[in-house]
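Report on the following structure.
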Amino acid sequence: MPGAIHAEGLVKTFGNVRALDGVDFDVPEGTVLGLLGPNGAGKTTAVRVLTTLLRPDSGRAVVAGVDVLKHPNEVRRSIGLSGQFAAVDEYLTGRENLEMVGQLYQMGARASKARAGELLERFSLADAADRTAKTYSGGMRRRLDLAAALVVSPPVMFMDEPTTGLDPRNRQALWEVIQELVAGGTTLLLTTQYLEEADHLAHDICVIDRGRVIARGSSDQLKARTGGERVEVVVHERDHIPVADQVLHALGKGETTVEEHTRKVTVPVVGGAKLLAEVIRELDSRGVEIDDIGLRRPTLDDVFISLTGHGAEEDGTDQASSGADQASTGKASSGKASKGKASAGAGKGGK
Ligand SMILES: Nc1ncnc2c1ncn2[C@@H]1O[C@H](COP(=O)(O)OP(=O)(O)O)[C@@H](O)[C@H]1O
Ligand SMILES: [Mg+2]
């Protein structure tokens with residue numbers, strides 16, 4: 001079986017921008033694919049093609065067993081989509097909006113009411129449930145939009161950066177609802193710029209950059225590909241960053257990553273604890289005071305930096321002007337020293 005979502009050789013250009021440059025992936029039924037990439041990578045374009053909103057220049061897509069280009073209407077009946085396109089009716093209350101979705105999908109009045117109430121509660125909208133949506137703040141609208149996408153559980157769902165702009169509490173609530181839907185058999189394609197989110201929710205991850213899949217696998221596989229452990233040092237004084245950078249560069253295996261504002265320098269290493277001791281000795285002999293030092297496994301941030309040579313939060317849209325365009329060759333580069341990015345940090349829950 002080709003999987004609940006099948007994309008094959010998708011190409012879409014806008015002028016001279018190749019938003020999709022030959023994208024292939026499969027999402028097996030009942031699993032979550034995390035489509036991970038920075039701004040401008042082509043994530044939304046891929047979602048729009050797969051949800052029948054945009055015709056690709058070439059390639060093929062099959063969703064829930066139906067050819068997207070040949071039978072778009074049929075595809076629409078078996079998918080759910082959350083993103084900027086979902087429609088919230090301004091003149092209905094939050095509760096009415098959600099109940100209406102349930103009824104549109106023939107859930108029955110009672111079940112629709114119950115589901116609406118539950119989602120309003122979970123997305124911190126219970127107090128505002130009976131106000132019209134036009135009185136909602138941007139954040140509340142966003143949560144209502146997400147809730148609307150989650151009223152029913154279609155066989156295949158697409159969520160385009162669902163947690164962008166959500167506070168931690170609502171993000172957690174969303175993750176839980178998503179996990180319940182998937183446990184119930186829904187197949188999900190989730191796009192995200194949050195490496196931690198893909199790590200937490202997705203069975204498989206496709207890293208895309210500039211319209212191409214540059215890596216795929218489970219989060220563990222991607223981490224393994226990036227190499228083993230890292231030594232991470234936080235120096236006491238900002239002025240000591242360059243020395244620490246030198247020391248880690250000399251003792252480590254690969255490029256260092258410097259995060260100025262946290263005074264953190266990181267480098268991939270082999271040799272574990274023994275090397276850690278060596279790093280401490282060397283820093284000590286050079287008079288560098290250490291606030292914190294440790295060994296850690298690579299995060300998906302490391303994966304991203306090592307694959308693309310730039311951090312996930314940097315804007316990747318200037319592809320036409322990019323000179324050092326390693327990523328477009330599809331090869332993993334060792335990554336240049338980069339500002340890096342702190343992990344989003346809410347820790348790991350169960351997968
Ligand atoms: N309708 C459009 N017209 C012109 N360019 C577009 C359009 N949609 C997307 N693009 C360009 O295609 C590239 C991929 O965009 P997009 O799929 O939105 O990326 P992402 O969702 O990963 O941020 C970007 O360079 C973007 O500027
Ligand atoms: Mg997008």
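Within each chain, counting starts at residue 1; across the structure tokens, chains are named A, B, ... in the order shown, with ligands numbered 1 upward in that order.
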Pick out each residue of stretch 12-162 of chain A that DSSP on the backbone tags as alpha helix (DSSP H); I need them as JSON, numbers by chain.
{"A": [43, 44, 45, 46, 47, 48, 49, 50, 72, 73, 74, 75, 76, 77, 94, 95, 96, 97, 98, 99, 100, 101, 102, 103, 104, 109, 110, 111, 112, 113, 114, 115, 116, 117, 118, 119, 120, 121, 122, 138, 139, 140, 141, 142, 143, 144, 145, 146, 147, 148, 149, 150]}
Could you dump the residues just selected with C-alpha atoms as a compact mmCIF listing (two decimals), in the first residue's frame?
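Written output follows (selection21.txt):
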```txt
# COMPACT_ATOMS: atom_id res chain seq x y z
CA LYS A 43 6.25 23.37 3.65
CA THR A 44 3.06 25.31 3.02
CA THR A 45 3.37 24.79 -0.71
CA ALA A 46 3.56 21.03 -0.14
CA VAL A 47 0.51 21.13 2.11
CA ARG A 48 -1.42 23.21 -0.40
CA VAL A 49 -0.66 20.75 -3.18
CA LEU A 50 -1.63 17.74 -1.08
CA PRO A 72 -9.68 16.71 -5.83
CA ASN A 73 -13.26 16.74 -4.60
CA GLU A 74 -13.05 13.19 -3.45
CA VAL A 75 -9.79 13.93 -1.62
CA ARG A 76 -11.38 16.87 0.15
CA ARG A 77 -13.98 14.59 1.66
CA GLY A 94 -16.74 30.10 19.54
CA ARG A 95 -19.05 27.36 20.71
CA GLU A 96 -21.40 27.74 17.74
CA ASN A 97 -18.49 27.59 15.35
CA LEU A 98 -17.32 24.29 16.75
CA GLU A 99 -20.79 22.78 17.00
CA MET A 100 -21.42 23.76 13.41
CA VAL A 101 -18.34 21.88 12.25
CA GLY A 102 -19.55 18.76 14.05
CA GLN A 103 -22.95 19.03 12.47
CA LEU A 104 -21.51 19.66 9.02
CA ALA A 109 -26.19 17.49 17.87
CA ARG A 110 -25.29 15.83 21.13
CA ALA A 111 -21.87 14.59 20.14
CA SER A 112 -21.09 17.93 18.48
CA LYS A 113 -21.98 19.79 21.67
CA ALA A 114 -19.88 17.52 23.80
CA ARG A 115 -16.86 17.72 21.51
CA ALA A 116 -17.18 21.52 21.22
CA GLY A 117 -17.29 21.87 25.01
CA GLU A 118 -14.30 19.63 25.46
CA LEU A 119 -12.17 21.49 22.89
CA LEU A 120 -13.14 24.93 24.23
CA GLU A 121 -11.97 23.78 27.63
CA ARG A 122 -8.73 22.33 26.38
CA GLY A 138 -5.54 36.96 17.45
CA GLY A 139 -4.37 34.21 19.76
CA MET A 140 -7.91 33.15 20.60
CA ARG A 141 -8.82 33.06 16.92
CA ARG A 142 -5.86 30.88 16.27
CA ARG A 143 -6.92 28.45 18.98
CA LEU A 144 -10.49 28.40 17.75
CA ASP A 145 -9.23 27.66 14.28
CA LEU A 146 -7.21 24.73 15.61
CA ALA A 147 -10.12 23.46 17.65
CA ALA A 148 -12.34 23.64 14.56
CA ALA A 149 -9.88 21.46 12.68
CA LEU A 150 -9.96 18.94 15.50
```
Report the residues of stretch 113-316 of chain A whose backbone DSSP state falls under strand (DSSP E or B), written as an MDAnalysis selection string.
chainID A and resid 132 156:160 187:192 204:209 212:217 230:235 257:259 264:268 290:296
If you keep C-alpha atoms, can you produce a file of those selected residues as a PDB file, in the first residue's frame?
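Saved to selection-v5.pdb:
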```
ATOM      1  CA  THR A 132     -18.835  35.988  18.918  1.00  0.00           C
ATOM      2  CA  VAL A 156      -5.965  12.099   6.951  1.00  0.00           C
ATOM      3  CA  MET A 157      -5.101  15.420   8.516  1.00  0.00           C
ATOM      4  CA  PHE A 158      -2.760  18.228   7.580  1.00  0.00           C
ATOM      5  CA  MET A 159      -1.615  20.788  10.087  1.00  0.00           C
ATOM      6  CA  ASP A 160       0.533  23.631   8.858  1.00  0.00           C
ATOM      7  CA  THR A 187      -2.728   9.893   9.631  1.00  0.00           C
ATOM      8  CA  LEU A 188      -1.140  13.289  10.091  1.00  0.00           C
ATOM      9  CA  LEU A 189       1.208  15.453   8.138  1.00  0.00           C
ATOM     10  CA  LEU A 190       2.455  18.189  10.393  1.00  0.00           C
ATOM     11  CA  THR A 191       4.711  20.997   9.302  1.00  0.00           C
ATOM     12  CA  THR A 192       6.861  22.706  11.832  1.00  0.00           C
ATOM     13  CA  ASP A 204       9.126  10.025  10.750  1.00  0.00           C
ATOM     14  CA  ILE A 205      10.701  13.309   9.890  1.00  0.00           C
ATOM     15  CA  CYS A 206      11.436  14.810   6.497  1.00  0.00           C
ATOM     16  CA  VAL A 207      13.772  17.743   6.662  1.00  0.00           C
ATOM     17  CA  ILE A 208      13.136  20.084   3.763  1.00  0.00           C
ATOM     18  CA  ASP A 209      15.054  23.122   2.699  1.00  0.00           C
ATOM     19  CA  ARG A 212      14.063  19.618  -1.424  1.00  0.00           C
ATOM     20  CA  VAL A 213      14.055  16.806   1.056  1.00  0.00           C
ATOM     21  CA  ILE A 214      17.552  16.920   2.485  1.00  0.00           C
ATOM     22  CA  ALA A 215      17.159  14.182   5.076  1.00  0.00           C
ATOM     23  CA  ARG A 216      14.583  11.762   6.356  1.00  0.00           C
ATOM     24  CA  GLY A 217      14.225   9.214   9.088  1.00  0.00           C
ATOM     25  CA  ARG A 230      28.299  16.978  22.020  1.00  0.00           C
ATOM     26  CA  VAL A 231      30.289  18.777  24.631  1.00  0.00           C
ATOM     27  CA  GLU A 232      28.517  21.926  25.672  1.00  0.00           C
ATOM     28  CA  VAL A 233      30.313  24.564  27.699  1.00  0.00           C
ATOM     29  CA  VAL A 234      28.895  27.700  29.236  1.00  0.00           C
ATOM     30  CA  VAL A 235      31.717  30.082  30.061  1.00  0.00           C
ATOM     31  CA  THR A 257      28.481  26.296  17.518  1.00  0.00           C
ATOM     32  CA  VAL A 258      28.589  29.521  19.486  1.00  0.00           C
ATOM     33  CA  GLU A 259      25.570  31.043  21.138  1.00  0.00           C
ATOM     34  CA  LYS A 264      27.484  28.603  25.213  1.00  0.00           C
ATOM     35  CA  VAL A 265      29.922  26.821  22.930  1.00  0.00           C
ATOM     36  CA  THR A 266      29.164  23.359  21.597  1.00  0.00           C
ATOM     37  CA  VAL A 267      31.112  20.850  19.551  1.00  0.00           C
ATOM     38  CA  PRO A 268      30.519  17.247  18.432  1.00  0.00           C
ATOM     39  CA  ILE A 290      33.256  27.477  33.391  1.00  0.00           C
ATOM     40  CA  ASP A 291      29.672  27.993  34.562  1.00  0.00           C
ATOM     41  CA  ASP A 292      28.407  24.745  33.174  1.00  0.00           C
ATOM     42  CA  ILE A 293      29.749  21.886  31.123  1.00  0.00           C
ATOM     43  CA  GLY A 294      28.253  18.621  29.994  1.00  0.00           C
ATOM     44  CA  LEU A 295      27.866  15.925  27.414  1.00  0.00           C
ATOM     45  CA  ARG A 296      24.602  15.726  25.572  1.00  0.00           C
TER      46      ARG A 296
END
```
Neighbouring residues of ligand 1 are defined here as those with any atom at most 10 Å from a ligand atom, counting only C-alpha atoms and all ligand atoms; list them as a PyMOL selection string.
chain A and resi 12-20+35-49+54+160-161+191-193+208-211+315-320
Of the candidates A:Leu307, A:Val279, A:Val152, A:Ser82, which one gets nearest to ligand 2 if we count only C-alpha atoms and all ligand atoms?
A:Ser82
Taking 3 positions as the minimum chain separation for residues in the same chain, which residues sit within 9 Å of A:Lys223 when counting only C-alpha atoms? Answer as a ChimeraX atom specification.
/A:218-220,226-228,297-300,302-303
Mind checking which residues fall within 9 Å of A:Arg60, counting only C-alpha atoms, ignoring those fewer than 6 positions away in the same chain, and posting them as number ranges by chain?
A: 6-10, 67-69
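Nearest to ligand 2 of all the residues A:Thr262, A:Ser137, A:Thr164, A:Thr256 is A:Thr164, based on only C-alpha atoms and all ligand atoms.
All residues of protein, DNA or RNA that reach within 8 Å of stretch 169-171 of chain A, judged by only C-alpha atoms and not counting those fewer than 2 positions away in the chain, are Arg122, Phe123, Ser124, Thr163, Leu166, Asp167, Ala173, Leu174 and Trp175 of chain A.
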Residues of the last selection are to be written out with N, CA and C atoms, as an mmCIF file, in the first residue's frame.
```cif
data_model
loop_
_atom_site.group_PDB
_atom_site.id
_atom_site.type_symbol
_atom_site.label_atom_id
_atom_site.label_comp_id
_atom_site.auth_asym_id
_atom_site.auth_seq_id
_atom_site.Cartn_x
_atom_site.Cartn_y
_atom_site.Cartn_z
ATOM 1 N N ARG A 122 -10.139 22.684 26.542
ATOM 2 C CA ARG A 122 -8.732 22.325 26.379
ATOM 3 C C ARG A 122 -7.901 23.454 25.800
ATOM 4 N N PHE A 123 -8.532 24.275 24.953
ATOM 5 C CA PHE A 123 -7.770 25.367 24.353
ATOM 6 C C PHE A 123 -8.021 26.706 25.055
ATOM 7 N N SER A 124 -8.356 26.648 26.314
ATOM 8 C CA SER A 124 -8.526 27.842 27.146
ATOM 9 C C SER A 124 -9.507 28.841 26.540
ATOM 10 N N THR A 163 1.461 24.984 15.941
ATOM 11 C CA THR A 163 1.739 25.575 17.256
ATOM 12 C C THR A 163 2.452 26.911 17.177
ATOM 13 N N LEU A 166 1.508 29.724 19.704
ATOM 14 C CA LEU A 166 0.748 29.264 20.870
ATOM 15 C C LEU A 166 1.611 29.357 22.125
ATOM 16 N N ASP A 167 0.961 29.671 23.243
ATOM 17 C CA ASP A 167 1.719 29.659 24.492
ATOM 18 C C ASP A 167 1.945 28.196 24.903
ATOM 19 N N ALA A 173 -1.659 21.321 25.126
ATOM 20 C CA ALA A 173 -3.024 20.833 24.894
ATOM 21 C C ALA A 173 -3.161 20.325 23.465
ATOM 22 N N LEU A 174 -2.595 21.074 22.538
ATOM 23 C CA LEU A 174 -2.684 20.668 21.132
ATOM 24 C C LEU A 174 -1.966 19.345 20.904
ATOM 25 N N TRP A 175 -0.789 19.231 21.487
ATOM 26 C CA TRP A 175 -0.042 17.978 21.338
ATOM 27 C C TRP A 175 -0.862 16.792 21.839
#
```
Distance in Å - atom CA of A:Gly3 versus atom CA of A:Val63:
8.2 Å
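Atom to atom, atom CA of A:Ala126 and atom CA of A:Glu180 stand 20.5 Å apart.
Between atom CA of A:His203 and atom CA of A:Ser153 the separation is 18.7 Å.
Closest to ligand 2 among A:Leu92, A:Ile280, A:Lys253, A:Pro162 is A:Pro162, based on only C-alpha atoms and all ligand atoms.
Residues in contact range of A:His240, defined as at most 9 Å between only C-alpha atoms, with sequence neighbours fewer than 5 positions away removed, read A:Val235, A:Asp245, A:Arg263, A:Gly287, A:Val288, A:Glu289.
In terms of minimum interatomic distance to A:Ala198, A:Leu33 ranks closest within A:Leu53, A:Ile79, A:Val66, A:Leu33, counting only C-alpha atoms.
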